[in-house]
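Visitor: Below is the file protein19.tsv, which contains TSV, C-alpha atoms.
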```
chain	number	residue	atom	x	y	z
A	1	MET	CA	-72.33	26.23	-41.63
A	2	LEU	CA	-75.52	24.34	-42.36
A	3	ASP	CA	-75.51	21.52	-44.89
A	4	ARG	CA	-78.55	20.57	-46.93
A	5	SER	CA	-80.11	18.60	-44.05
A	6	GLY	CA	-79.82	21.65	-41.75
A	7	VAL	CA	-77.10	20.05	-39.64
A	8	ASP	CA	-74.22	22.32	-38.63
A	9	ASP	CA	-70.62	21.51	-37.59
A	10	LEU	CA	-71.38	21.36	-33.86
A	11	GLY	CA	-74.53	19.36	-34.62
A	12	ARG	CA	-72.49	16.78	-36.49
A	13	VAL	CA	-70.18	16.42	-33.46
A	14	PHE	CA	-73.08	15.92	-31.03
A	15	HIS	CA	-74.77	13.52	-33.46
A	16	ALA	CA	-71.54	11.51	-33.75
A	17	LEU	CA	-71.30	11.29	-29.94
A	18	ALA	CA	-74.96	10.29	-29.49
A	19	ASP	CA	-74.13	6.65	-30.19
A	20	PRO	CA	-72.60	4.53	-27.37
A	21	THR	CA	-70.38	2.53	-29.77
A	22	ARG	CA	-68.96	5.72	-31.25
A	23	ARG	CA	-68.31	7.12	-27.76
A	24	ALA	CA	-66.53	3.85	-26.82
A	25	ILE	CA	-64.34	4.23	-29.93
A	26	VAL	CA	-63.51	7.81	-28.86
A	27	GLU	CA	-62.62	6.54	-25.37
A	28	GLN	CA	-60.36	3.89	-26.91
A	29	LEU	CA	-58.64	6.52	-29.11
A	30	THR	CA	-57.83	8.77	-26.11
A	31	ARG	CA	-55.11	6.18	-25.38
A	32	GLY	CA	-53.50	6.92	-28.75
A	33	PRO	CA	-54.05	6.27	-32.47
A	34	ALA	CA	-55.32	2.80	-33.39
A	35	ALA	CA	-55.71	0.72	-36.54
A	36	VAL	CA	-59.25	0.02	-37.72
A	37	LYS	CA	-58.62	-3.64	-36.89
A	38	ALA	CA	-57.79	-2.81	-33.26
A	39	LEU	CA	-61.00	-0.75	-33.03
A	40	ALA	CA	-63.10	-3.52	-34.58
A	41	GLU	CA	-61.70	-6.47	-32.60
A	42	PRO	CA	-63.22	-5.75	-29.16
A	43	ARG	CA	-66.67	-5.07	-30.66
A	44	ALA	CA	-69.40	-7.63	-31.27
A	45	MET	CA	-70.28	-6.20	-34.68
A	46	SER	CA	-69.26	-6.56	-38.29
A	47	LEU	CA	-66.21	-4.74	-39.64
A	48	GLN	CA	-68.62	-2.87	-41.93
A	49	ALA	CA	-70.64	-1.62	-38.95
A	50	VAL	CA	-67.44	-0.35	-37.30
A	51	LEU	CA	-66.38	1.31	-40.59
A	52	ASP	CA	-69.79	3.03	-40.75
A	53	HIS	CA	-69.30	4.38	-37.21
A	54	LEU	CA	-65.79	5.59	-38.07
A	55	LYS	CA	-67.19	7.35	-41.14
A	56	VAL	CA	-69.65	9.29	-38.96
A	57	LEU	CA	-66.88	10.22	-36.50
A	58	GLU	CA	-64.59	11.29	-39.35
A	59	GLY	CA	-67.38	13.27	-41.05
A	60	ALA	CA	-67.87	15.21	-37.81
A	61	GLY	CA	-64.12	15.87	-37.53
A	62	VAL	CA	-63.94	13.96	-34.22
A	63	ILE	CA	-61.34	11.58	-35.67
A	64	ALA	CA	-58.97	11.64	-38.63
A	65	THR	CA	-57.96	8.52	-40.52
A	66	GLU	CA	-54.81	7.87	-42.52
A	67	LYS	CA	-53.89	4.90	-44.67
A	68	VAL	CA	-50.28	3.75	-44.42
A	69	GLY	CA	-49.62	0.80	-46.68
A	70	ARG	CA	-52.51	-1.57	-46.08
A	71	VAL	CA	-53.33	-0.33	-42.59
A	72	ARG	CA	-55.87	2.42	-41.92
A	73	SER	CA	-55.10	4.21	-38.69
A	74	CYS	CA	-57.49	6.45	-36.72
A	75	ARG	CA	-56.63	9.24	-34.32
A	76	LEU	CA	-58.67	11.60	-32.17
A	77	MET	CA	-58.94	15.32	-32.92
A	78	PRO	CA	-59.13	16.82	-29.40
A	79	ALA	CA	-59.79	20.37	-30.67
A	80	VAL	CA	-63.17	19.29	-32.03
A	81	LEU	CA	-64.12	17.73	-28.68
A	82	ARG	CA	-62.97	20.96	-27.02
A	83	GLY	CA	-65.35	22.97	-29.22
A	84	ALA	CA	-68.34	20.89	-28.10
A	85	GLU	CA	-67.13	21.04	-24.48
A	86	GLN	CA	-66.84	24.85	-24.65
A	87	TRP	CA	-70.39	25.21	-25.96
A	88	LEU	CA	-71.67	23.11	-23.04
A	89	THR	CA	-69.53	25.03	-20.52
A	90	GLY	CA	-70.92	28.30	-21.89
A	91	GLN	CA	-74.54	27.24	-21.44
A	92	ARG	CA	-74.00	25.68	-18.04
A	93	THR	CA	-72.06	28.61	-16.57
A	94	GLU	CA	-74.50	31.20	-17.96
A	95	SER	CA	-77.35	29.20	-16.48
A	96	GLU	CA	-75.62	28.95	-13.09
A	97	ARG	CA	-74.86	32.69	-13.18
A	98	GLN	CA	-78.58	33.38	-13.61
A	99	LEU	CA	-79.38	31.01	-10.72
A	100	ASP	CA	-76.82	32.82	-8.53
A	101	ARG	CA	-78.46	36.15	-9.38
A	102	LEU	CA	-81.87	34.72	-8.50
A	103	GLY	CA	-80.42	33.42	-5.22
A	104	ASP	CA	-78.96	36.83	-4.39
A	105	TYR	CA	-82.30	38.45	-5.19
A	106	LEU	CA	-84.25	36.00	-3.01
A	107	GLU	CA	-81.77	36.54	-0.15
A	108	GLY	CA	-82.23	40.31	-0.54
A	109	LYS	CA	-78.57	40.92	-1.46
B	1	MET	CA	-79.18	2.42	-19.32
B	2	LEU	CA	-79.95	1.43	-22.90
B	3	ASP	CA	-83.48	1.72	-24.21
B	4	ARG	CA	-84.85	-0.51	-26.95
B	5	SER	CA	-83.15	1.48	-29.70
B	6	GLY	CA	-79.77	1.11	-27.96
B	7	VAL	CA	-79.62	4.77	-26.97
B	8	ASP	CA	-78.33	5.52	-23.47
B	9	ASP	CA	-78.82	8.55	-21.20
B	10	LEU	CA	-75.75	10.41	-22.41
B	11	GLY	CA	-76.63	9.46	-26.00
B	12	ARG	CA	-80.04	11.06	-25.58
B	13	VAL	CA	-78.41	14.30	-24.36
B	14	PHE	CA	-75.99	14.44	-27.31
B	15	HIS	CA	-78.81	13.57	-29.72
B	16	ALA	CA	-80.94	16.38	-28.27
B	17	LEU	CA	-78.07	18.86	-28.73
B	18	ALA	CA	-77.32	17.74	-32.31
B	19	ASP	CA	-80.07	19.99	-33.65
B	20	PRO	CA	-79.36	23.75	-34.05
B	21	THR	CA	-82.92	24.77	-33.10
B	22	ARG	CA	-82.73	22.74	-29.90
B	23	ARG	CA	-79.34	24.28	-29.05
B	24	ALA	CA	-80.81	27.75	-29.66
B	25	ILE	CA	-83.65	26.90	-27.24
B	26	VAL	CA	-81.06	25.80	-24.65
B	27	GLU	CA	-79.18	29.10	-25.17
B	28	GLN	CA	-82.43	31.02	-24.67
B	29	LEU	CA	-83.19	29.09	-21.47
B	30	THR	CA	-79.78	29.92	-19.94
B	31	ARG	CA	-81.29	33.38	-19.34
B	32	GLY	CA	-84.00	31.84	-17.17
B	33	PRO	CA	-87.19	29.77	-17.47
B	34	ALA	CA	-89.50	30.65	-20.35
B	35	ALA	CA	-93.04	29.86	-21.43
B	36	VAL	CA	-93.47	27.68	-24.52
B	37	LYS	CA	-94.97	30.73	-26.26
B	38	ALA	CA	-91.80	32.79	-25.62
B	39	LEU	CA	-89.70	29.94	-27.02
B	40	ALA	CA	-91.90	29.57	-30.11
B	41	GLU	CA	-92.26	33.28	-30.98
B	42	PRO	CA	-88.72	34.03	-32.25
B	43	ARG	CA	-88.70	30.88	-34.41
B	44	ALA	CA	-89.89	30.60	-37.99
B	45	MET	CA	-91.60	27.26	-37.41
B	46	SER	CA	-94.95	25.93	-36.28
B	47	LEU	CA	-95.82	25.68	-32.59
B	48	GLN	CA	-96.03	21.90	-33.11
B	49	ALA	CA	-92.44	21.80	-34.43
B	50	VAL	CA	-91.27	23.72	-31.34
B	51	LEU	CA	-93.25	21.36	-29.08
B	52	ASP	CA	-91.58	18.39	-30.79
B	53	HIS	CA	-88.14	19.90	-30.13
B	54	LEU	CA	-89.08	20.56	-26.48
B	55	LYS	CA	-90.22	16.95	-26.15
B	56	VAL	CA	-86.79	15.71	-27.30
B	57	LEU	CA	-85.03	18.08	-24.89
B	58	GLU	CA	-87.31	17.01	-22.02
B	59	GLY	CA	-86.90	13.31	-22.88
B	60	ALA	CA	-83.12	13.75	-22.60
B	61	GLY	CA	-83.48	15.53	-19.25
B	62	VAL	CA	-81.92	18.72	-20.66
B	63	ILE	CA	-85.04	20.73	-19.77
B	64	ALA	CA	-87.96	20.25	-17.41
B	65	THR	CA	-91.43	21.58	-18.16
B	66	GLU	CA	-94.18	22.52	-15.72
B	67	LYS	CA	-97.75	23.57	-16.41
B	68	VAL	CA	-99.11	26.36	-14.23
B	69	GLY	CA	-102.70	27.17	-15.13
B	70	ARG	CA	-102.76	27.42	-18.91
B	71	VAL	CA	-99.06	28.25	-19.30
B	72	ARG	CA	-96.39	25.59	-19.83
B	73	SER	CA	-93.02	26.81	-18.61
B	74	CYS	CA	-89.62	25.32	-19.50
B	75	ARG	CA	-86.39	25.47	-17.55
B	76	LEU	CA	-82.89	24.21	-18.11
B	77	MET	CA	-81.40	21.36	-16.06
B	78	PRO	CA	-77.73	22.40	-15.84
B	79	ALA	CA	-76.65	19.14	-14.12
B	80	VAL	CA	-77.48	17.18	-17.27
B	81	LEU	CA	-75.40	19.55	-19.41
B	82	ARG	CA	-72.62	19.19	-16.85
B	83	GLY	CA	-72.69	15.38	-17.28
B	84	ALA	CA	-72.16	15.70	-21.05
B	85	GLU	CA	-69.49	18.36	-20.48
B	86	GLN	CA	-67.64	16.10	-18.03
B	87	TRP	CA	-67.60	13.20	-20.47
B	88	LEU	CA	-66.06	15.48	-23.12
B	89	THR	CA	-63.54	16.92	-20.64
B	90	GLY	CA	-62.52	13.38	-19.66
B	91	GLN	CA	-61.82	12.34	-23.25
B	92	ARG	CA	-60.09	15.57	-24.19
B	93	THR	CA	-57.81	15.68	-21.14
B	94	GLU	CA	-56.89	11.99	-21.41
B	95	SER	CA	-56.09	12.51	-25.08
B	96	GLU	CA	-53.95	15.61	-24.30
B	97	ARG	CA	-52.17	13.69	-21.52
B	98	GLN	CA	-51.20	11.01	-24.04
B	99	LEU	CA	-49.98	13.70	-26.47
B	100	ASP	CA	-47.90	15.30	-23.66
B	101	ARG	CA	-46.32	11.90	-22.92
B	102	LEU	CA	-45.52	11.45	-26.61
B	103	GLY	CA	-44.02	14.97	-26.67
B	104	ASP	CA	-41.86	14.18	-23.61
B	105	TYR	CA	-40.74	10.95	-25.25
B	106	LEU	CA	-39.83	12.67	-28.51
B	107	GLU	CA	-37.92	15.37	-26.61
B	108	GLY	CA	-36.02	12.64	-24.77
B	109	LYS	CA	-37.34	13.70	-21.34
```
So, in terms of structure tokens, how does the structure I just supplied come out?
Guide:
Amino acid sequence: MLDRSGVDDLGRVFHALADPTRRAIVEQLTRGPAAVKALAEPRAMSLQAVLDHLKVLEGAGVIATEKVGRVRSCRLMPAVLRGAEQWLTGQRTESERQLDRLGDYLEGK
Amino acid sequence: MLDRSGVDDLGRVFHALADPTRRAIVEQLTRGPAAVKALAEPRAMSLQAVLDHLKVLEGAGVIATEKVGRVRSCRLMPAVLRGAEQWLTGQRTESERQLDRLGDYLEGK
């Protein structure tokens, strides 16, 4: 699905992962859910900047957030990462298949 | 390596793949190298717009271009796609490993 800016679901995931801070947050969340505070603490940036990054990750479906009492907790959505991974695997393997065919052709197989 | 805008190598790859037109060009190039003209023809956009997309893909190392006579040819660089794929696989598998551990814990294993 394209939104008004022409960005689709997969595009939103790749856009979210284009930023090194957002990828570091994803890496941190692979170890389990974390409170916003725990994600902000190790980073030399304002809480607002971290919240902005989390908003991009949540908008892309890469993370989900949940507020319990006064604590907002974030967790990774591995299925969304798997979707992006599968697209890349598809392109890479198709490309390698073509290279193999070219190799066979050049070797006269 | 970070450039002045704080974007790193992997960030450039994900940024390049965030756009649906650029992903469609990548998909087309999995079938083998193609001239710029062959990449522009199926697309309802100006040649300049296609050239701009190719420049982003080339800047990220996703494609390489080569000029032979008057024809500029583009080809995919699967190793760069593999790098992005491996980062995603690393996050996804680590995340699933943590979920498995949680499952074992909850099942009293």
Visitor: Please provide as a VMD selection string all residues within 10 Å of Lys37 in chain B, with the sequence filter that same-chain residues fewer than 6 positions apart are discarded (counting only C-alpha atoms).
Guide: chain B and resid 47 50 to 51 71 to 73
Visitor: Please produce a file of those selected residues containing C-alpha atoms, as a PDB file, in the coordinates of the input.
Guide:
```pdb
ATOM      1  CA  LEU B  47     -95.820  25.680 -32.590  1.00  0.00           C
ATOM      2  CA  VAL B  50     -91.270  23.720 -31.340  1.00  0.00           C
ATOM      3  CA  LEU B  51     -93.250  21.360 -29.080  1.00  0.00           C
ATOM      4  CA  VAL B  71     -99.060  28.250 -19.300  1.00  0.00           C
ATOM      5  CA  ARG B  72     -96.390  25.590 -19.830  1.00  0.00           C
ATOM      6  CA  SER B  73     -93.020  26.810 -18.610  1.00  0.00           C
TER       7      SER B  73
END
```
Visitor: How close does range 10-99 of chain A get to range 86-106 of chain B? List, as a Markdown table, each residue of range 10-99 of chain A within 9 Å, its nearest atom pair and the distance in Å to one decimal, counting only C-alpha atoms.
Guide:
```
| residue | atom | partner | partner_atom | distance |
| --- | --- | --- | --- | --- |
| A:Val26 | CA | B:Gln91 | CA | 7.4 |
| A:Glu27 | CA | B:Gln91 | CA | 6.2 |
| A:Leu29 | CA | B:Ser95 | CA | 7.7 |
| A:Thr30 | CA | B:Ser95 | CA | 4.3 |
| A:Arg31 | CA | B:Gln98 | CA | 6.4 |
| A:Gly32 | CA | B:Gln98 | CA | 6.6 |
| A:Leu76 | CA | B:Ser95 | CA | 7.6 |
| A:Met77 | CA | B:Ser95 | CA | 8.8 |
| A:Pro78 | CA | B:Arg92 | CA | 5.4 |
| A:Ala79 | CA | B:Arg92 | CA | 8.1 |
| A:Leu81 | CA | B:Leu88 | CA | 6.3 |
| A:Arg82 | CA | B:Arg92 | CA | 6.7 |
| A:Ala84 | CA | B:Leu88 | CA | 7.7 |
| A:Glu85 | CA | B:Leu88 | CA | 5.8 |
```
Visitor: Might you pull out every residue within 9 Å of range 7-19 of chain A, with all atoms listed in the file counted and same-chain residues fewer than 3 positions away left off, and present them as a PyMOL selection string?
Guide: (chain A and resi 1-4+22-24+26+53+56-62+80-81+83-84+87) or (chain B and resi 6-8+10-20+23)
Visitor: To one decimal in Å, tell me the separation between CA of Pro42 in chain A and CA of Ile25 in chain A.
Guide: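 CA of Ile25 in chain A lies at a distance of 10.1 Å from CA of Pro42 in chain A.
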Visitor: Which distance in Å separates CA of Arg43 in chain B and CA of Thr21 in chain B, to one decimal?
Guide: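 Spanning CA of Arg43 in chain B to CA of Thr21 in chain B is a straight-line distance of 8.5 Å.
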Visitor: As an exercise, work out the distance from CA of Gly69 in chain A to CA of Ala38 in chain A in Å and give it to one decimal place.
Guide: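 Taking CA of Gly69 in chain A and CA of Ala38 in chain A, their separation equals 16.1 Å.
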Visitor: Choose the residue, out of A:Arg70, A:Val36, A:Ala49, A:Gln28, that has the smallest atom-to-atom separation from chain B; count all atoms listed in the file.
Guide: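 Nearest candidate to chain B out of A:Arg70, A:Val36, A:Ala49, A:Gln28: A:Gln28.
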Visitor: Give the padded box for range 55-65 of chain A as lines of an AutoDock Vina configuration file: axis-aligned, covering all atoms listed in the file, 3 Å on each side, centre and edge lengths in Å to one decimal.
Guide:
```
center_x = -63.8
center_y = 11.6
center_z = -37.7
size_x = 17.7
size_y = 14.5
size_z = 12.9
```
Visitor: Could you please fill out range 31-67 of chain A with N, CA and C atoms and send it back as a PDB file, in the frame of the given file?
Guide:
```pdb
ATOM      1  N   ARG A  31     -56.357   6.829 -25.781  1.00  0.00           N
ATOM      2  CA  ARG A  31     -55.110   6.180 -25.380  1.00  0.00           C
ATOM      3  C   ARG A  31     -54.065   6.202 -26.505  1.00  0.00           C
ATOM      4  N   GLY A  32     -54.437   6.810 -27.637  1.00  0.00           N
ATOM      5  CA  GLY A  32     -53.500   6.920 -28.750  1.00  0.00           C
ATOM      6  C   GLY A  32     -54.135   6.413 -30.032  1.00  0.00           C
ATOM      7  N   PRO A  33     -53.520   6.721 -31.185  1.00  0.00           N
ATOM      8  CA  PRO A  33     -54.050   6.270 -32.470  1.00  0.00           C
ATOM      9  C   PRO A  33     -54.174   4.744 -32.506  1.00  0.00           C
ATOM     10  N   ALA A  34     -55.116   4.248 -33.297  1.00  0.00           N
ATOM     11  CA  ALA A  34     -55.320   2.800 -33.390  1.00  0.00           C
ATOM     12  C   ALA A  34     -55.708   2.434 -34.812  1.00  0.00           C
ATOM     13  N   ALA A  35     -55.303   1.237 -35.223  1.00  0.00           N
ATOM     14  CA  ALA A  35     -55.710   0.720 -36.540  1.00  0.00           C
ATOM     15  C   ALA A  35     -57.182   0.345 -36.481  1.00  0.00           C
ATOM     16  N   VAL A  36     -57.833   0.405 -37.635  1.00  0.00           N
ATOM     17  CA  VAL A  36     -59.250   0.020 -37.720  1.00  0.00           C
ATOM     18  C   VAL A  36     -59.451  -1.372 -37.111  1.00  0.00           C
ATOM     19  N   LYS A  37     -58.516  -2.268 -37.395  1.00  0.00           N
ATOM     20  CA  LYS A  37     -58.620  -3.640 -36.890  1.00  0.00           C
ATOM     21  C   LYS A  37     -58.684  -3.666 -35.357  1.00  0.00           C
ATOM     22  N   ALA A  38     -57.840  -2.858 -34.724  1.00  0.00           N
ATOM     23  CA  ALA A  38     -57.790  -2.810 -33.260  1.00  0.00           C
ATOM     24  C   ALA A  38     -59.072  -2.195 -32.683  1.00  0.00           C
ATOM     25  N   LEU A  39     -59.732  -1.350 -33.480  1.00  0.00           N
ATOM     26  CA  LEU A  39     -61.000  -0.750 -33.030  1.00  0.00           C
ATOM     27  C   LEU A  39     -62.149  -1.733 -33.240  1.00  0.00           C
ATOM     28  N   ALA A  40     -62.022  -2.587 -34.267  1.00  0.00           N
ATOM     29  CA  ALA A  40     -63.100  -3.520 -34.580  1.00  0.00           C
ATOM     30  C   ALA A  40     -63.073  -4.749 -33.668  1.00  0.00           C
ATOM     31  N   GLU A  41     -61.866  -5.212 -33.343  1.00  0.00           N
ATOM     32  CA  GLU A  41     -61.700  -6.470 -32.600  1.00  0.00           C
ATOM     33  C   GLU A  41     -62.532  -6.585 -31.317  1.00  0.00           C
ATOM     34  N   PRO A  42     -62.485  -5.566 -30.423  1.00  0.00           N
ATOM     35  CA  PRO A  42     -63.220  -5.750 -29.160  1.00  0.00           C
ATOM     36  C   PRO A  42     -64.742  -5.635 -29.303  1.00  0.00           C
ATOM     37  N   ARG A  43     -65.246  -5.363 -30.494  1.00  0.00           N
ATOM     38  CA  ARG A  43     -66.670  -5.070 -30.660  1.00  0.00           C
ATOM     39  C   ARG A  43     -67.422  -6.227 -31.314  1.00  0.00           C
ATOM     40  N   ALA A  44     -68.570  -6.539 -30.749  1.00  0.00           N
ATOM     41  CA  ALA A  44     -69.400  -7.630 -31.270  1.00  0.00           C
ATOM     42  C   ALA A  44     -70.245  -7.111 -32.430  1.00  0.00           C
ATOM     43  N   MET A  45     -69.554  -6.678 -33.492  1.00  0.00           N
ATOM     44  CA  MET A  45     -70.280  -6.200 -34.680  1.00  0.00           C
ATOM     45  C   MET A  45     -69.405  -6.422 -35.892  1.00  0.00           C
ATOM     46  N   SER A  46     -70.012  -6.325 -37.062  1.00  0.00           N
ATOM     47  CA  SER A  46     -69.260  -6.560 -38.290  1.00  0.00           C
ATOM     48  C   SER A  46     -68.239  -5.453 -38.517  1.00  0.00           C
ATOM     49  N   LEU A  47     -67.202  -5.761 -39.275  1.00  0.00           N
ATOM     50  CA  LEU A  47     -66.210  -4.740 -39.640  1.00  0.00           C
ATOM     51  C   LEU A  47     -66.926  -3.590 -40.348  1.00  0.00           C
ATOM     52  N   GLN A  48     -67.911  -3.919 -41.204  1.00  0.00           N
ATOM     53  CA  GLN A  48     -68.620  -2.870 -41.930  1.00  0.00           C
ATOM     54  C   GLN A  48     -69.340  -1.920 -40.983  1.00  0.00           C
ATOM     55  N   ALA A  49     -69.931  -2.466 -39.924  1.00  0.00           N
ATOM     56  CA  ALA A  49     -70.640  -1.620 -38.950  1.00  0.00           C
ATOM     57  C   ALA A  49     -69.648  -0.676 -38.264  1.00  0.00           C
ATOM     58  N   VAL A  50     -68.475  -1.193 -37.925  1.00  0.00           N
ATOM     59  CA  VAL A  50     -67.440  -0.350 -37.300  1.00  0.00           C
ATOM     60  C   VAL A  50     -66.989   0.731 -38.293  1.00  0.00           C
ATOM     61  N   LEU A  51     -66.788   0.336 -39.561  1.00  0.00           N
ATOM     62  CA  LEU A  51     -66.380   1.310 -40.590  1.00  0.00           C
ATOM     63  C   LEU A  51     -67.432   2.416 -40.730  1.00  0.00           C
ATOM     64  N   ASP A  52     -68.709   2.035 -40.663  1.00  0.00           N
ATOM     65  CA  ASP A  52     -69.790   3.030 -40.750  1.00  0.00           C
ATOM     66  C   ASP A  52     -69.704   4.023 -39.586  1.00  0.00           C
ATOM     67  N   HIS A  53     -69.443   3.491 -38.377  1.00  0.00           N
ATOM     68  CA  HIS A  53     -69.300   4.380 -37.210  1.00  0.00           C
ATOM     69  C   HIS A  53     -68.102   5.317 -37.382  1.00  0.00           C
ATOM     70  N   LEU A  54     -66.992   4.759 -37.878  1.00  0.00           N
ATOM     71  CA  LEU A  54     -65.790   5.590 -38.070  1.00  0.00           C
ATOM     72  C   LEU A  54     -66.050   6.687 -39.097  1.00  0.00           C
ATOM     73  N   LYS A  55     -66.860   6.361 -40.103  1.00  0.00           N
ATOM     74  CA  LYS A  55     -67.190   7.350 -41.140  1.00  0.00           C
ATOM     75  C   LYS A  55     -67.964   8.535 -40.534  1.00  0.00           C
ATOM     76  N   VAL A  56     -68.882   8.231 -39.624  1.00  0.00           N
ATOM     77  CA  VAL A  56     -69.650   9.290 -38.960  1.00  0.00           C
ATOM     78  C   VAL A  56     -68.722  10.148 -38.101  1.00  0.00           C
ATOM     79  N   LEU A  57     -67.825   9.487 -37.355  1.00  0.00           N
ATOM     80  CA  LEU A  57     -66.880  10.220 -36.500  1.00  0.00           C
ATOM     81  C   LEU A  57     -65.946  11.084 -37.351  1.00  0.00           C
ATOM     82  N   GLU A  58     -65.495  10.531 -38.479  1.00  0.00           N
ATOM     83  CA  GLU A  58     -64.590  11.290 -39.350  1.00  0.00           C
ATOM     84  C   GLU A  58     -65.333  12.451 -40.021  1.00  0.00           C
ATOM     85  N   GLY A  59     -66.576  12.221 -40.432  1.00  0.00           N
ATOM     86  CA  GLY A  59     -67.380  13.270 -41.050  1.00  0.00           C
ATOM     87  C   GLY A  59     -67.630  14.447 -40.122  1.00  0.00           C
ATOM     88  N   ALA A  60     -67.659  14.159 -38.810  1.00  0.00           N
ATOM     89  CA  ALA A  60     -67.870  15.210 -37.810  1.00  0.00           C
ATOM     90  C   ALA A  60     -66.558  15.861 -37.407  1.00  0.00           C
ATOM     91  N   GLY A  61     -65.429  15.318 -37.889  1.00  0.00           N
ATOM     92  CA  GLY A  61     -64.120  15.870 -37.530  1.00  0.00           C
ATOM     93  C   GLY A  61     -63.618  15.403 -36.171  1.00  0.00           C
ATOM     94  N   VAL A  62     -64.335  14.456 -35.548  1.00  0.00           N
ATOM     95  CA  VAL A  62     -63.940  13.960 -34.220  1.00  0.00           C
ATOM     96  C   VAL A  62     -62.682  13.096 -34.326  1.00  0.00           C
ATOM     97  N   ILE A  63     -62.554  12.364 -35.426  1.00  0.00           N
ATOM     98  CA  ILE A  63     -61.340  11.580 -35.670  1.00  0.00           C
ATOM     99  C   ILE A  63     -60.811  11.898 -37.073  1.00  0.00           C
ATOM    100  N   ALA A  64     -59.545  11.589 -37.288  1.00  0.00           N
ATOM    101  CA  ALA A  64     -58.970  11.640 -38.630  1.00  0.00           C
ATOM    102  C   ALA A  64     -58.441  10.250 -38.923  1.00  0.00           C
ATOM    103  N   THR A  65     -58.508   9.833 -40.176  1.00  0.00           N
ATOM    104  CA  THR A  65     -57.960   8.520 -40.520  1.00  0.00           C
ATOM    105  C   THR A  65     -56.886   8.710 -41.598  1.00  0.00           C
ATOM    106  N   GLU A  66     -55.946   7.788 -41.605  1.00  0.00           N
ATOM    107  CA  GLU A  66     -54.810   7.870 -42.520  1.00  0.00           C
ATOM    108  C   GLU A  66     -54.454   6.448 -42.927  1.00  0.00           C
ATOM    109  N   LYS A  67     -54.232   6.240 -44.213  1.00  0.00           N
ATOM    110  CA  LYS A  67     -53.890   4.900 -44.670  1.00  0.00           C
ATOM    111  C   LYS A  67     -52.386   4.836 -44.927  1.00  0.00           C
TER     112      LYS A  67
END
```
